[in-house]
Amino acid sequence: MRITGGQWAGRTLSVPPGLGVRPTPDKVRQAIFNSLGPWIDGATVLELFAGSGALSLECLSRGAASAVCVEKSSKHASYIRRNAKALETKVDIRVQCALQAVKQLAEAGRAFDFVCADPPYGDKTAPGQRSESWAQKLLD
């Protein structure tokens, strides 16, 4: 896994082993950020379900002003710290449930220009049933 654009283009990121994290693929990140273009420059970023922090670090590489990463697993959050240190940048890391973090950040009056979330896949639901996935909870 690597940064696809900006000042750190081509730099490699550490990713937790196993199936506990599904990093957003390089090509997907590149497509997202190429479509955003210079809009990301100077933006404040919130990344939920951060995993390795790849989305936030991609934003910072492309000129974002700051990033907050929310990751429930302290083990996975250590990879965000490792990646930020390797890139010599600062990232605010919150080790907690994404839904709790969103509530606390909102109560504290924090606002962000760009919010990205790549939650774990949920179980497939039968037709006519409402999904109980993290993605649906976040949308709710």
# chains A, B, ... in the order shown; residues from 1 in each chain; ligands from 1

call {"tool": "closest_atom_pairs", "arguments": {"of": "region 12-74 of chain A", "to": "region 108-121 of chain A", "cutoff": "7 Å", "atoms": "only C-alpha atoms", "output": "Markdown table"}}
result
| residue | atom | partner | partner_atom | distance |
| --- | --- | --- | --- | --- |
| A:Ala43 | CA | A:Asp113 | CA | 5.5 |
| A:Thr44 | CA | A:Phe112 | CA | 5.1 |
| A:Val45 | CA | A:Phe114 | CA | 4.9 |
| A:Leu46 | CA | A:Val115 | CA | 4.7 |
| A:Glu47 | CA | A:Cys116 | CA | 4.9 |
| A:Leu48 | CA | A:Ala117 | CA | 4.7 |
| A:Phe49 | CA | A:Pro119 | CA | 5.5 |

call {"tool": "write_last_selection", "arguments": {"atoms": "N, CA and C atoms", "output": "PDB file, in the first residue's frame"}}
result
ATOM      1  N   ALA A  43      -8.017  21.638   3.628  1.00  0.00           N
ATOM      2  CA  ALA A  43      -9.206  21.068   4.282  1.00  0.00           C
ATOM      3  C   ALA A  43      -8.870  20.440   5.631  1.00  0.00           C
ATOM      4  N   THR A  44      -9.877  20.431   6.508  1.00  0.00           N
ATOM      5  CA  THR A  44      -9.792  19.669   7.753  1.00  0.00           C
ATOM      6  C   THR A  44     -10.503  18.349   7.489  1.00  0.00           C
ATOM      7  N   VAL A  45      -9.881  17.247   7.909  1.00  0.00           N
ATOM      8  CA  VAL A  45     -10.339  15.911   7.532  1.00  0.00           C
ATOM      9  C   VAL A  45     -10.670  15.078   8.765  1.00  0.00           C
ATOM     10  N   LEU A  46     -11.756  14.335   8.675  1.00  0.00           N
ATOM     11  CA  LEU A  46     -12.117  13.337   9.682  1.00  0.00           C
ATOM     12  C   LEU A  46     -12.215  11.997   8.972  1.00  0.00           C
ATOM     13  N   GLU A  47     -11.409  11.028   9.431  1.00  0.00           N
ATOM     14  CA  GLU A  47     -11.469   9.684   8.863  1.00  0.00           C
ATOM     15  C   GLU A  47     -12.005   8.729   9.926  1.00  0.00           C
ATOM     16  N   LEU A  48     -13.132   8.110   9.633  1.00  0.00           N
ATOM     17  CA  LEU A  48     -13.741   7.144  10.538  1.00  0.00           C
ATOM     18  C   LEU A  48     -13.383   5.736  10.080  1.00  0.00           C
ATOM     19  N   PHE A  49     -13.271   4.801  11.030  1.00  0.00           N
ATOM     20  CA  PHE A  49     -12.848   3.428  10.721  1.00  0.00           C
ATOM     21  C   PHE A  49     -11.496   3.488  10.013  1.00  0.00           C
TER      22      PHE A  49
END

call {"tool": "residues_around", "arguments": {"residues": "Tyr79 (chain A)", "least_positions_apart": "4", "cutoff": "8 Å", "atoms": "only C-alpha atoms", "output": "JSON, numbers by chain"}}
result
{"A": [14, 15, 16, 51, 52, 53, 75, 83]}

call {"tool": "write_last_selection", "arguments": {"atoms": "C-alpha atoms", "output": "short mmCIF file (atom, residue, chain, number, x, y, z; two decimals), in the first residue's frame"}}
result
data_model
loop_
_atom_site.label_atom_id
_atom_site.label_comp_id
_atom_site.auth_asym_id
_atom_site.auth_seq_id
_atom_site.Cartn_x
_atom_site.Cartn_y
_atom_site.Cartn_z
CA SER A 14 2.34 -0.08 6.93
CA VAL A 15 -0.90 -2.04 7.12
CA PRO A 16 -2.03 -4.42 9.89
CA GLY A 51 -7.45 1.29 9.96
CA SER A 52 -4.00 2.27 8.66
CA GLY A 53 -4.92 5.96 8.22
CA LYS A 75 -3.43 -2.27 17.61
CA ASN A 83 2.73 5.77 9.26
#

call {"tool": "closest_residue", "arguments": {"among": "A:Gly5, A:Ala31, A:Arg94, A:Arg81", "to": "Cys69 (chain A)", "atoms": "only C-alpha atoms"}}
result
A:Arg94

call {"tool": "atom_distance", "arguments": {"atom1": "CA of Gln7 (chain A)", "atom2": "CA of Lys27 (chain A)"}}
result
17.5 Å

call {"tool": "closest_residue", "arguments": {"among": "A:Arg2, A:Gly37, A:Val102, A:Val70", "to": "Ala50 (chain A)", "atoms": "only C-alpha atoms"}}
result
A:Val70

call {"tool": "select_by_dssp", "arguments": {"residues": "region 6-140 of chain A", "states": "strand (DSSP E)", "output": "ChimeraX atom specification"}}
result
/A:44-48,66-70,92-94,114-117
